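A.B. asks: So I've got this file, model-v4.txt, and it contains compact mmCIF, C-alpha atoms and all ligand atoms:
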# COMPACT_ATOMS: atom_id res chain seq x y z
CA MET A 267 -0.82 -67.01 -7.70
CA THR A 268 2.39 -69.06 -7.53
CA PHE A 269 5.17 -67.13 -9.21
CA GLU A 270 8.25 -68.46 -10.98
CA ASN A 271 11.60 -66.76 -11.25
CA THR A 272 12.09 -67.16 -15.02
CA LEU A 273 11.87 -64.86 -18.03
CA ALA A 274 9.55 -67.37 -19.72
CA PHE A 275 7.12 -67.10 -16.79
CA ALA A 276 7.20 -63.27 -16.91
CA LYS A 277 6.52 -63.38 -20.64
CA GLN A 278 3.59 -65.74 -20.07
CA LEU A 279 2.12 -63.30 -17.52
CA ASP A 280 2.38 -60.55 -20.15
CA LYS A 281 0.63 -62.79 -22.69
CA ASN A 282 -2.26 -63.33 -20.28
CA ASP A 283 -2.51 -59.62 -19.37
CA SER A 284 -5.70 -58.08 -20.77
CA LEU A 285 -4.23 -54.56 -20.31
CA ALA A 286 -0.93 -55.31 -22.07
CA ALA A 287 -1.91 -53.38 -25.22
CA PHE A 288 -2.00 -50.09 -23.24
CA ARG A 289 1.81 -50.09 -23.16
CA ASN A 290 1.74 -49.21 -26.84
CA GLU A 291 -0.32 -46.08 -26.07
CA TYR A 292 2.72 -44.49 -24.34
CA PHE A 293 6.17 -43.31 -25.38
CA ILE A 294 8.73 -45.41 -23.49
CA PRO A 295 12.12 -43.63 -23.16
CA LYS A 296 14.92 -45.50 -24.95
CA HIS A 297 18.15 -46.89 -23.58
CA GLY A 298 20.25 -47.28 -26.71
CA LYS A 299 17.88 -48.95 -29.15
CA LYS A 300 15.88 -50.78 -26.51
CA ASP A 301 13.06 -49.61 -24.24
CA SER A 302 14.38 -48.53 -20.87
CA ILE A 303 12.94 -50.17 -17.77
CA TYR A 304 10.86 -47.22 -16.65
CA LEU A 305 9.83 -47.62 -13.01
CA CYS A 306 9.36 -43.96 -12.19
CA GLY A 307 5.63 -43.35 -12.71
CA ASN A 308 5.52 -42.41 -9.02
CA SER A 309 7.55 -39.33 -9.93
CA LEU A 310 6.60 -38.49 -13.52
CA GLY A 311 4.29 -40.68 -15.59
CA LEU A 312 5.01 -41.30 -19.27
CA GLN A 313 3.57 -39.36 -22.18
CA PRO A 314 0.50 -40.88 -23.83
CA LYS A 315 0.76 -40.87 -27.63
CA VAL A 316 -2.60 -39.06 -27.88
CA THR A 317 -1.41 -36.09 -25.80
CA GLN A 318 0.05 -34.22 -28.74
CA SER A 319 -3.23 -34.27 -30.69
CA TYR A 320 -5.16 -32.99 -27.65
CA ILE A 321 -2.76 -30.06 -27.19
CA GLU A 322 -2.71 -29.36 -30.93
CA GLN A 323 -6.52 -29.14 -30.97
CA GLU A 324 -6.38 -26.27 -28.46
CA LEU A 325 -3.53 -24.55 -30.32
CA LYS A 326 -5.56 -24.84 -33.52
CA ASP A 327 -8.70 -23.44 -31.86
CA TRP A 328 -6.70 -20.57 -30.37
CA ARG A 329 -5.23 -19.87 -33.85
CA THR A 330 -8.66 -20.06 -35.46
CA PHE A 331 -10.89 -18.31 -32.96
CA GLY A 332 -8.69 -16.17 -30.73
CA VAL A 333 -10.71 -15.12 -27.70
CA GLU A 334 -13.87 -16.61 -29.23
CA GLY A 335 -12.39 -20.02 -28.46
CA HIS A 336 -13.93 -19.60 -25.03
CA PHE A 337 -17.27 -20.29 -26.75
CA HIS A 338 -16.46 -21.78 -30.19
CA ALA A 339 -13.50 -24.10 -29.57
CA LYS A 340 -14.27 -27.79 -30.11
CA ASN A 341 -14.17 -28.01 -26.32
CA PRO A 342 -15.16 -24.45 -25.29
CA TRP A 343 -12.62 -23.09 -22.81
CA LEU A 344 -15.25 -21.45 -20.65
CA SER A 345 -16.42 -24.82 -19.40
CA TYR A 346 -13.26 -26.81 -20.23
CA HIS A 347 -12.62 -27.92 -16.65
CA ARG A 348 -16.05 -29.54 -16.44
CA GLN A 349 -14.97 -32.52 -18.58
CA PHE A 350 -12.70 -33.67 -15.73
CA GLU A 351 -15.49 -34.09 -13.24
CA LYS A 352 -16.62 -37.58 -14.28
CA PRO A 353 -13.20 -39.22 -14.73
CA LEU A 354 -11.93 -37.70 -11.47
CA MET A 355 -15.09 -38.79 -9.63
CA ASN A 356 -14.42 -42.33 -10.88
CA LEU A 357 -10.79 -42.23 -9.78
CA ILE A 358 -11.36 -41.06 -6.22
CA GLY A 359 -14.91 -42.19 -5.48
CA ALA A 360 -16.52 -38.76 -5.34
CA LYS A 361 -20.07 -37.51 -5.98
CA LYS A 362 -21.11 -34.81 -8.40
CA GLY A 363 -20.04 -31.37 -7.24
CA GLU A 364 -17.19 -32.68 -5.10
CA VAL A 365 -14.24 -32.34 -7.51
CA VAL A 366 -12.63 -29.71 -9.64
CA ALA A 367 -9.32 -29.65 -11.56
CA MET A 368 -7.26 -26.57 -10.73
CA ASN A 369 -3.82 -25.18 -9.75
CA GLN A 370 -0.99 -27.27 -8.30
CA LEU A 371 -0.96 -29.62 -5.35
CA THR A 372 0.73 -27.50 -2.68
CA VAL A 373 -1.18 -24.40 -3.77
CA ASN A 374 -4.42 -26.35 -3.35
CA LEU A 375 -3.30 -27.75 -0.02
CA ASN A 376 -2.77 -24.20 1.21
CA LEU A 377 -6.20 -23.12 -0.07
CA LEU A 378 -7.86 -26.06 1.64
CA LEU A 379 -5.99 -25.52 4.90
CA ILE A 380 -7.24 -21.93 4.97
CA SER A 381 -10.78 -23.35 4.97
CA PHE A 382 -10.38 -26.51 6.99
CA TYR A 383 -7.75 -25.68 9.60
CA GLN A 384 -9.54 -23.44 12.07
CA PRO A 385 -7.76 -23.70 15.43
CA LYS A 386 -9.88 -22.70 18.42
CA GLY A 387 -8.52 -22.58 21.95
CA LYS A 388 -7.12 -25.95 22.93
CA LYS A 389 -8.30 -27.52 19.66
CA LYS A 390 -5.39 -26.27 17.56
CA LYS A 391 -3.31 -29.33 16.67
CA ILE A 392 -2.71 -31.14 13.40
CA LEU A 393 -1.80 -34.83 13.26
CA MET A 394 0.42 -35.82 10.33
CA GLN A 395 2.93 -38.53 9.43
CA ALA A 396 6.42 -37.93 10.78
CA SER A 397 7.77 -38.90 7.35
CA GLU A 398 5.33 -36.72 5.39
CA PHE A 399 6.51 -35.12 2.13
CA PRO A 400 8.32 -31.84 2.97
CA SER A 401 6.03 -29.62 0.88
CA ASP A 402 3.03 -30.64 3.00
CA TYR A 403 5.05 -29.98 6.12
CA TYR A 404 6.02 -26.49 4.95
CA ALA A 405 2.41 -25.65 4.09
CA VAL A 406 1.18 -26.84 7.50
CA GLU A 407 3.87 -24.92 9.40
CA GLN A 408 3.06 -21.69 7.57
CA GLN A 409 -0.68 -22.08 8.05
CA ILE A 410 -0.11 -22.55 11.77
CA ARG A 411 2.02 -19.38 11.83
CA LEU A 412 -0.71 -17.48 9.95
CA HIS A 413 -2.93 -18.13 12.97
CA GLY A 414 -0.28 -16.62 15.25
CA LEU A 415 0.65 -20.05 16.63
CA LYS A 416 3.91 -22.00 16.76
CA PRO A 417 4.35 -25.18 14.68
CA LYS A 418 6.13 -26.92 17.58
CA ASP A 419 3.01 -26.45 19.73
CA CYS A 420 0.59 -27.57 17.05
CA ILE A 421 2.01 -30.51 15.07
CA ILE A 422 1.65 -34.05 16.35
CA GLU A 423 3.69 -36.57 14.36
CA ALA A 424 2.52 -40.15 13.88
CA LYS A 425 5.61 -42.38 14.02
CA PRO A 426 6.06 -46.14 13.53
CA ARG A 427 6.87 -48.21 16.61
CA LYS A 428 10.54 -48.57 17.48
CA GLY A 429 12.24 -50.94 15.02
CA GLU A 430 9.31 -50.77 12.55
CA GLU A 431 9.05 -48.87 9.25
CA ILE A 432 5.31 -48.93 8.82
CA LEU A 433 2.63 -47.10 10.79
CA ARG A 434 -0.02 -49.34 12.29
CA THR A 435 -3.64 -48.32 11.77
CA GLU A 436 -4.51 -49.10 15.39
CA ASP A 437 -1.73 -46.76 16.55
CA ILE A 438 -3.03 -43.94 14.34
CA ALA A 439 -6.57 -44.44 15.66
CA GLU A 440 -5.23 -44.56 19.22
CA THR A 441 -3.31 -41.28 18.72
CA ILE A 442 -6.46 -39.62 17.37
CA HIS A 443 -8.41 -40.86 20.36
CA LYS A 444 -5.71 -39.75 22.81
CA HIS A 445 -5.56 -36.21 21.39
CA LYS A 446 -9.23 -35.86 20.47
CA ASP A 447 -9.71 -32.66 22.47
CA GLU A 448 -6.67 -30.95 20.95
CA LEU A 449 -6.92 -32.01 17.30
CA ALA A 450 -8.34 -29.50 14.84
CA LEU A 451 -7.25 -31.55 11.83
CA VAL A 452 -5.75 -34.84 10.69
CA LEU A 453 -3.82 -34.54 7.42
CA PHE A 454 -2.45 -37.70 5.85
CA SER A 455 -0.95 -38.75 2.53
CA ALA A 456 -2.98 -41.80 1.48
CA VAL A 457 0.20 -43.44 0.14
CA ASN A 458 3.49 -42.42 1.75
CA TYR A 459 6.04 -41.19 -0.80
CA TYR A 460 9.00 -42.84 0.96
CA THR A 461 7.76 -46.23 2.19
CA GLY A 462 4.93 -46.74 -0.32
CA GLN A 463 2.55 -47.64 2.52
CA PHE A 464 -1.15 -47.27 1.58
CA PHE A 465 -2.97 -46.26 4.74
CA ASP A 466 -6.38 -47.48 5.77
CA ILE A 467 -8.06 -44.18 4.94
CA LYS A 468 -11.50 -45.57 5.76
CA ALA A 469 -10.41 -46.47 9.30
CA ILE A 470 -8.63 -43.15 9.87
CA ALA A 471 -11.68 -41.26 8.56
CA LYS A 472 -13.87 -43.22 10.98
CA ALA A 473 -11.63 -42.36 13.93
CA CYS A 474 -11.82 -38.68 12.89
CA CYS A 475 -15.61 -38.81 12.42
CA ASP A 476 -16.07 -40.42 15.84
CA HIS A 477 -14.43 -37.38 17.42
CA LYS A 478 -15.69 -34.74 14.95
CA ILE A 479 -12.18 -33.98 13.71
CA THR A 480 -11.69 -32.70 10.16
CA PHE A 481 -9.78 -35.13 7.92
CA GLY A 482 -7.82 -34.11 4.82
CA VAL A 483 -5.90 -36.38 2.45
CA ASP A 484 -2.99 -35.82 0.07
CA LEU A 485 -3.51 -38.16 -2.89
CA ALA A 486 -0.23 -37.38 -4.72
CA HIS A 487 0.85 -41.03 -4.64
CA ALA A 488 -2.62 -42.54 -4.51
CA ILE A 489 -4.71 -41.18 -7.38
CA GLY A 490 -4.48 -43.48 -10.41
CA ASN A 491 -2.58 -45.97 -8.23
CA VAL A 492 -5.09 -47.38 -5.74
CA GLU A 493 -8.87 -47.51 -5.54
CA LEU A 494 -10.42 -44.76 -3.41
CA LYS A 495 -13.90 -44.03 -2.05
CA LEU A 496 -13.48 -40.61 -0.51
CA HIS A 497 -17.18 -39.74 -0.31
CA GLU A 498 -18.22 -43.06 1.18
CA TRP A 499 -15.34 -42.93 3.68
CA ASN A 500 -16.36 -39.43 4.85
CA VAL A 501 -13.09 -37.70 4.02
CA ASP A 502 -13.57 -33.92 4.32
CA PHE A 503 -11.14 -32.73 1.66
CA ALA A 504 -8.33 -33.92 -0.58
CA THR A 505 -5.94 -32.76 -3.24
CA TRP A 506 -3.56 -34.47 -5.68
CA CYS A 507 -1.23 -33.97 -8.60
CA SER A 508 -1.64 -35.37 -12.10
CA TYR A 509 1.96 -35.69 -13.24
CA LYS A 510 2.68 -38.98 -11.45
CA TYR A 511 0.29 -41.89 -12.01
CA LEU A 512 -2.10 -39.75 -14.07
CA ASN A 513 0.50 -39.12 -16.79
CA SER A 514 -0.64 -35.54 -17.44
CA GLY A 515 2.82 -34.06 -17.98
CA PRO A 516 5.40 -32.20 -15.86
CA GLY A 517 3.68 -29.72 -13.56
CA GLY A 518 0.29 -31.04 -14.77
CA VAL A 519 -2.88 -29.59 -13.30
CA SER A 520 -3.92 -30.65 -9.81
CA GLY A 521 -7.43 -31.01 -8.41
CA ILE A 522 -9.41 -30.92 -5.20
CA PHE A 523 -12.15 -32.90 -3.50
CA VAL A 524 -14.46 -31.21 -1.02
CA ASN A 525 -17.09 -33.45 0.53
CA ASN A 526 -20.63 -32.37 -0.39
CA TYR A 527 -21.20 -32.10 3.32
CA HIS A 528 -19.41 -28.72 3.00
CA ALA A 529 -20.89 -27.76 -0.39
CA LYS A 530 -23.17 -25.03 0.87
CA ASN A 531 -21.14 -23.93 3.84
CA PHE A 532 -20.39 -20.45 2.54
CA SER A 533 -19.23 -19.33 5.97
CA LEU A 534 -16.02 -21.36 5.60
CA LYS A 535 -13.04 -19.02 5.32
CA ARG A 536 -11.49 -19.14 1.86
CA LEU A 537 -9.42 -17.21 -0.65
CA ALA A 538 -11.37 -15.91 -3.61
CA GLY A 539 -11.18 -15.13 -7.31
CA TRP A 540 -13.68 -14.79 -10.14
CA TRP A 541 -13.53 -18.44 -11.23
CA GLY A 542 -14.83 -19.55 -7.85
CA ASN A 543 -17.74 -17.14 -8.05
CA ASP A 544 -21.20 -18.52 -8.79
CA GLU A 545 -21.39 -18.89 -12.60
CA LYS A 546 -24.70 -17.04 -12.65
CA THR A 547 -23.02 -13.81 -11.60
CA ARG A 548 -19.40 -14.43 -12.61
CA PHE A 549 -19.55 -12.16 -15.64
CA LYS A 550 -21.75 -9.46 -14.16
CA MET A 551 -18.52 -7.79 -13.06
CA GLN A 552 -19.97 -6.89 -9.71
CA LYS A 553 -18.22 -6.52 -6.37
CA HIS A 554 -18.68 -8.99 -3.51
CA PHE A 555 -17.72 -12.62 -3.94
CA GLU A 556 -20.54 -15.17 -4.13
CA PRO A 557 -18.87 -18.58 -3.95
CA ALA A 558 -20.18 -21.33 -6.21
CA GLU A 559 -21.58 -24.40 -4.48
CA GLY A 560 -19.23 -27.34 -3.85
CA ALA A 561 -15.62 -27.76 -4.92
CA GLN A 562 -16.07 -25.25 -7.78
CA GLY A 563 -16.24 -22.50 -5.15
CA TRP A 564 -12.55 -22.99 -4.29
CA GLN A 565 -11.37 -22.06 -7.79
CA ILE A 566 -9.60 -18.76 -8.11
CA SER A 567 -8.29 -18.22 -11.64
CA ASN A 568 -9.44 -19.25 -15.09
CA ALA A 569 -8.37 -22.67 -16.36
CA PRO A 570 -4.90 -23.35 -17.92
CA ILE A 571 -6.24 -24.91 -21.13
CA LEU A 572 -2.95 -26.16 -22.62
CA SER A 573 -1.92 -28.12 -19.56
CA MET A 574 -5.51 -29.24 -19.04
CA SER A 575 -5.59 -30.64 -22.58
CA ALA A 576 -2.72 -33.00 -21.63
CA HIS A 577 -4.77 -33.97 -18.56
CA ALA A 578 -7.80 -34.72 -20.77
CA ALA A 579 -5.69 -36.94 -23.03
CA ALA A 580 -4.27 -38.86 -20.09
CA LEU A 581 -7.62 -39.34 -18.36
CA SER A 582 -9.20 -40.71 -21.55
CA LEU A 583 -6.89 -43.73 -21.18
CA PHE A 584 -7.94 -44.25 -17.55
CA GLU A 585 -11.57 -44.22 -18.66
CA LYS A 586 -10.75 -46.92 -21.23
CA ALA A 587 -8.66 -49.14 -18.96
CA GLY A 588 -10.78 -48.75 -15.78
CA MET A 589 -9.26 -48.25 -12.34
CA LYS A 590 -10.57 -51.60 -11.07
CA ASN A 591 -8.73 -53.48 -13.85
CA LEU A 592 -5.58 -51.41 -13.38
CA ARG A 593 -5.52 -52.06 -9.65
CA ALA A 594 -6.04 -55.80 -10.17
CA LYS A 595 -3.05 -55.92 -12.55
CA SER A 596 -1.02 -53.65 -10.27
CA LYS A 597 -1.40 -56.03 -7.33
CA ASN A 598 -0.02 -58.88 -9.47
CA LEU A 599 2.76 -56.82 -11.02
CA THR A 600 4.07 -55.51 -7.71
CA SER A 601 3.58 -58.87 -5.98
CA TYR A 602 5.72 -60.40 -8.72
CA LEU A 603 8.42 -57.80 -8.08
CA TYR A 604 8.15 -58.44 -4.32
CA PHE A 605 8.55 -62.18 -4.96
CA LEU A 606 11.59 -61.74 -7.23
CA LEU A 607 13.35 -59.39 -4.80
CA SER A 608 12.60 -61.72 -1.88
CA GLU A 609 14.34 -64.52 -3.81
CA ILE A 610 17.61 -62.57 -3.67
CA LYS A 611 19.60 -63.71 -0.66
CA SER A 612 21.47 -60.63 0.50
CA ALA A 613 21.70 -58.70 3.75
CA ASP A 614 22.54 -55.50 1.84
CA PHE A 615 18.92 -54.43 1.40
CA GLN A 616 15.43 -54.75 2.82
CA LEU A 617 11.99 -53.97 1.48
CA ILE A 618 10.28 -51.42 3.71
CA THR A 619 6.97 -51.36 1.83
CA PRO A 620 4.22 -53.52 3.35
CA LYS A 621 4.09 -57.06 2.02
CA LYS A 622 0.27 -57.19 1.87
CA PRO A 623 -0.99 -55.87 -1.50
CA ASN A 624 -3.90 -54.02 0.15
CA GLU A 625 -1.44 -52.00 2.24
CA ARG A 626 0.60 -50.66 -0.67
CA GLY A 627 0.16 -49.25 -4.16
CA CYS A 628 2.46 -50.20 -7.00
CA GLN A 629 5.67 -48.78 -5.47
CA LEU A 630 8.23 -50.85 -3.59
CA SER A 631 10.87 -49.06 -1.53
CA ILE A 632 14.20 -50.84 -1.32
CA GLN A 633 16.19 -49.65 1.66
CA MET A 634 19.91 -50.09 1.01
CA LYS A 635 22.14 -51.08 3.92
CA LYS A 636 25.33 -50.81 1.90
CA ASP A 637 26.53 -49.23 -1.35
CA GLY A 638 23.11 -47.80 -2.14
CA ARG A 639 24.26 -45.03 -4.45
CA ARG A 640 26.67 -47.34 -6.32
CA ILE A 641 23.89 -49.84 -6.92
CA PHE A 642 21.46 -47.15 -8.03
CA ASP A 643 24.06 -45.77 -10.47
CA TYR A 644 24.70 -49.26 -11.88
CA LEU A 645 20.96 -49.70 -12.48
CA THR A 646 20.75 -46.31 -14.20
CA LYS A 647 23.72 -47.13 -16.43
CA ASN A 648 22.00 -50.32 -17.46
CA GLY A 649 18.73 -48.79 -18.57
CA VAL A 650 16.65 -48.63 -15.39
CA ILE A 651 14.86 -45.35 -14.69
CA ALA A 652 13.91 -45.36 -11.00
CA ASP A 653 14.61 -42.87 -8.25
CA TRP A 654 16.79 -42.46 -5.23
CA ARG A 655 15.35 -40.87 -2.12
CA GLU A 656 17.67 -39.66 0.62
CA PRO A 657 18.94 -41.07 2.85
CA ASP A 658 18.95 -44.66 1.59
CA VAL A 659 15.99 -45.73 -0.53
CA ILE A 660 15.62 -46.83 -4.16
CA ARG A 661 11.96 -46.41 -5.14
CA VAL A 662 10.63 -48.58 -7.95
CA ALA A 663 7.07 -48.33 -9.20
CA PRO A 664 5.90 -50.72 -11.91
CA VAL A 665 2.69 -49.11 -13.14
CA PRO A 666 -0.03 -51.30 -14.59
CA MET A 667 -0.82 -48.93 -17.48
CA TYR A 668 2.50 -49.34 -19.29
CA ASN A 669 4.88 -51.62 -17.38
CA SER A 670 5.18 -55.30 -18.17
CA PHE A 671 5.99 -58.35 -16.09
CA GLU A 672 9.11 -58.61 -18.26
CA ASP A 673 10.17 -55.10 -17.10
CA VAL A 674 9.86 -56.32 -13.52
CA PHE A 675 11.81 -59.51 -14.21
CA ARG A 676 14.62 -57.63 -15.97
CA PHE A 677 14.83 -55.08 -13.17
CA ALA A 678 15.15 -57.78 -10.50
CA ALA A 679 17.89 -59.53 -12.51
CA LEU A 680 19.85 -56.26 -12.87
CA PHE A 681 19.42 -55.48 -9.18
CA GLU A 682 20.80 -58.91 -8.25
CA ALA A 683 23.73 -58.41 -10.64
CA ALA A 684 24.42 -54.99 -9.09
CA LEU A 685 24.49 -56.46 -5.59
CA SER A 686 26.98 -59.16 -6.52
CA ARG A 687 29.43 -56.71 -8.21
CA LYS A 688 32.04 -55.52 -5.75
C1 LIG B 701 3.07 -36.28 -1.18
C2 LIG B 701 3.41 -35.06 -1.97
N1 LIG B 701 2.92 -33.86 -1.56
C3 LIG B 701 3.22 -32.74 -2.24
C4 LIG B 701 4.03 -32.74 -3.36
C5 LIG B 701 4.36 -31.44 -4.04
O1 LIG B 701 3.66 -31.28 -5.23
P1 LIG B 701 3.57 -29.92 -6.07
O2 LIG B 701 4.93 -29.52 -6.47
O3 LIG B 701 2.75 -30.36 -7.25
O4 LIG B 701 2.89 -28.92 -5.24
C6 LIG B 701 4.54 -33.96 -3.82
C7 LIG B 701 5.42 -34.01 -5.01
O5 LIG B 701 5.95 -35.00 -5.40
C8 LIG B 701 4.24 -35.15 -3.09
O6 LIG B 701 4.74 -36.33 -3.45
Represent the structure contained in this file as structure tokens.
Ligand SMILES: Cc1ncc(COP(=O)(O)O)c(C=O)c1O

C.D. replies:
Amino acid sequence: MTFENTLAFAKQLDKNDSLAAFRNEYFIPKHGKKDSIYLCGNSLGLQPKVTQSYIEQELKDWRTFGVEGHFHAKNPWLSYHRQFEKPLMNLIGAKKGEVVAMNQLTVNLNLLLISFYQPKGKKKKILMQASEFPSDYYAVEQQIRLHGLKPKDCIIEAKPRKGEEILRTEDIAETIHKHKDELALVLFSAVNYYTGQFFDIKAIAKACCDHKITFGVDLAHAIGNVELKLHEWNVDFATWCSYKYLNSGPGGVSGIFVNNYHAKNFSLKRLAGWWGNDEKTRFKMQKHFEPAEGAQGWQISNAPILSMSAHAAALSLFEKAGMKNLRAKSKNLTSYLYFLLSEIKSADFQLITPKKPNERGCQLSIQMKKDGRRIFDYLTKNGVIADWREPDVIRVAPVPMYNSFEDVFRFAALFEAALSRK
């Protein structure tokens, strides 16, 4: 599409947008009397208007039935988590039995590492991005220590080439090949939190498969943002959070994917609790853990219904909009932002997110060469909600569910104004 740098053009794009009505399904924070320009769905997604009624339903059923709500609630709590299977399968390209909603992201990452990081002799290393999110790093370091090993001996960091910001797929594959006899695991965020790069997960999975190396993926910045086919790509395991692009509320419930390939591998080491026990014997109150088949067998505790009800509300909108449609709009929306920012002639910033739409999600990362904090503060004062990531990046994420082309146009105009103010 050929873009134009005018408000009229942005408004025309909104008019032609078949998903535009979804904006009205969300509460947009106000700046004075006007909607703010909310570009922070990569940190915390906005509240759907239906969320309140979903939570109230569970409060009502708790009030009405007490403990009997486990069986008599409109959506019985005993099997509440099961409703997430289909929408989550659609979002990440999983098969039946491969997903379950539970816990929080880093908790799940630790649980999965217990099962899928099994160092043996020389094969003890983990390949991860040098600029991985710190929480993942902490989890990996501790898991290595739990095996009596030293992180410095076991972590291999994938770094961009000198002078580049973005990791090249061929370099990742080459690193896997080079260290094939030492790697016990490759762990990658599908979309990097800092640069916004969307990695070629299919190609990385293939490189891992070729050398029989386990491959795990952090989908924090990918789920609800890009299209994924984890089963088809042969990813071993994954986890995510639901408070970013999935709009399920602060601290919203996470989830895991375990490839069906591992569904009946009960010899995998794992932590245990009654909710992961086979349902047939869960309430027999007997000793000795019998893990359920598939992802369900990694559950530990019973489901947090109130936070899950917000998740159910949010996912109902994804089912209506469809991930394919959202991604198609997202590519246009972010390409429009990329175009508008590229029109600004200034040496004070550069875009470090890949230019090709297939190599990024909706986020663009603007690396500031000068006055970064001042510019970010100016934007905030003028109604932009984005975020600042140390040391020098402003992250902006127009999300297709509720952002408009007009939001993007107004942001770019404010950014240009901020740059020209001395
Ligand atoms: C890539 C990534 N991993 C892990 C986390 C930590 O998530 P949680 O606090 O839900 O465990 C985040 C949070 O933003 C993240 O972006």

A.B. asks: Which residues of chain A come within 9 Å of ligand LIG 701 (chain B), and for each one, what is the closest pair of atoms and their distance in Å to one decimal, counting only C-alpha atoms and all ligand atoms, sorted by chain and residue number, as a Markdown table?

C.D. replies:
| residue | atom | partner | partner_atom | distance |
| --- | --- | --- | --- | --- |
| A:Asn308 | CA | B:LIG701 | O5 | 8.3 |
| A:Ser309 | CA | B:LIG701 | O5 | 6.5 |
| A:Leu310 | CA | B:LIG701 | O5 | 8.9 |
| A:Asn369 | CA | B:LIG701 | O3 | 8.7 |
| A:Gln370 | CA | B:LIG701 | O3 | 5.0 |
| A:Leu371 | CA | B:LIG701 | O4 | 3.9 |
| A:Thr372 | CA | B:LIG701 | O4 | 3.6 |
| A:Val373 | CA | B:LIG701 | O4 | 6.3 |
| A:Asn374 | CA | B:LIG701 | O4 | 8.0 |
| A:Leu375 | CA | B:LIG701 | O4 | 8.2 |
| A:Glu398 | CA | B:LIG701 | C1 | 7.0 |
| A:Phe399 | CA | B:LIG701 | C1 | 4.9 |
| A:Pro400 | CA | B:LIG701 | N1 | 7.3 |
| A:Ser401 | CA | B:LIG701 | C3 | 5.2 |
| A:Asp402 | CA | B:LIG701 | N1 | 5.6 |
| A:Tyr403 | CA | B:LIG701 | N1 | 8.9 |
| A:Ser455 | CA | B:LIG701 | C1 | 6.0 |
| A:Ala456 | CA | B:LIG701 | C1 | 8.6 |
| A:Val457 | CA | B:LIG701 | C1 | 7.8 |
| A:Asn458 | CA | B:LIG701 | C1 | 6.8 |
| A:Tyr459 | CA | B:LIG701 | O6 | 5.7 |
| A:Tyr460 | CA | B:LIG701 | O6 | 8.9 |
| A:Asp484 | CA | B:LIG701 | C1 | 6.2 |
| A:Leu485 | CA | B:LIG701 | C1 | 7.1 |
| A:Ala486 | CA | B:LIG701 | C1 | 5.0 |
| A:His487 | CA | B:LIG701 | O6 | 6.2 |
| A:Trp506 | CA | B:LIG701 | O3 | 7.7 |
| A:Cys507 | CA | B:LIG701 | O3 | 5.5 |
| A:Ser508 | CA | B:LIG701 | O3 | 8.2 |
| A:Tyr509 | CA | B:LIG701 | O3 | 8.1 |
| A:Lys510 | CA | B:LIG701 | O5 | 7.9 |
| A:Gly517 | CA | B:LIG701 | O3 | 6.4 |
| A:Gly518 | CA | B:LIG701 | O3 | 7.9 |
| A:Val519 | CA | B:LIG701 | O3 | 8.3 |
| A:Ser520 | CA | B:LIG701 | O3 | 7.2 |

A.B. asks: How would the residues just chosen look if you wrote them out with C-alpha atoms as a compact mmCIF listing (two decimals), in the coordinates of the input?

C.D. replies:
# COMPACT_ATOMS: atom_id res chain seq x y z
CA ASN A 308 5.52 -42.41 -9.02
CA SER A 309 7.55 -39.33 -9.93
CA LEU A 310 6.60 -38.49 -13.52
CA ASN A 369 -3.82 -25.18 -9.75
CA GLN A 370 -0.99 -27.27 -8.30
CA LEU A 371 -0.96 -29.62 -5.35
CA THR A 372 0.73 -27.50 -2.68
CA VAL A 373 -1.18 -24.40 -3.77
CA ASN A 374 -4.42 -26.35 -3.35
CA LEU A 375 -3.30 -27.75 -0.02
CA GLU A 398 5.33 -36.72 5.39
CA PHE A 399 6.51 -35.12 2.13
CA PRO A 400 8.32 -31.84 2.97
CA SER A 401 6.03 -29.62 0.88
CA ASP A 402 3.03 -30.64 3.00
CA TYR A 403 5.05 -29.98 6.12
CA SER A 455 -0.95 -38.75 2.53
CA ALA A 456 -2.98 -41.80 1.48
CA VAL A 457 0.20 -43.44 0.14
CA ASN A 458 3.49 -42.42 1.75
CA TYR A 459 6.04 -41.19 -0.80
CA TYR A 460 9.00 -42.84 0.96
CA ASP A 484 -2.99 -35.82 0.07
CA LEU A 485 -3.51 -38.16 -2.89
CA ALA A 486 -0.23 -37.38 -4.72
CA HIS A 487 0.85 -41.03 -4.64
CA TRP A 506 -3.56 -34.47 -5.68
CA CYS A 507 -1.23 -33.97 -8.60
CA SER A 508 -1.64 -35.37 -12.10
CA TYR A 509 1.96 -35.69 -13.24
CA LYS A 510 2.68 -38.98 -11.45
CA GLY A 517 3.68 -29.72 -13.56
CA GLY A 518 0.29 -31.04 -14.77
CA VAL A 519 -2.88 -29.59 -13.30
CA SER A 520 -3.92 -30.65 -9.81

A.B. asks: For Val452 in chain A, which of A:Ala488, A:Leu393, A:Leu273, A:Ile432 is the closest residue, counting all atoms listed in the file?

C.D. replies: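 Between A:Ala488, A:Leu393, A:Leu273, A:Ile432, the residue approaching Val452 in chain A most closely is A:Leu393.
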
A.B. asks: Have a look at CA of Ile321 in chain A and CA of Met355 in chain A and let me know their distance in Å, one decimal.

C.D. replies: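 Computing it gives 23.2 Å between the two atoms.
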
A.B. asks: What does the structure give for the distance between CA of Ala367 in chain A and CA of Leu412 in chain A, in Å to one decimal?

C.D. replies: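 If I compute the distance from CA of Ala367 in chain A to CA of Leu412 in chain A, I get 26.2 Å.
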
A.B. asks: Would you compute the distance between CA of Gln395 in chain A and CA of Ala424 in chain A? Give it in Å to one decimal.

C.D. replies: 4.8 Å

A.B. asks: Could you name the residues that touch Thr600 in chain A at 9 Å or less, counting only C-alpha atoms, but leaving out those on the same chain fewer than 5 positions away, as a PyMOL selection string?

C.D. replies: chain A and resi 595+605+623+627-630+663-665+674
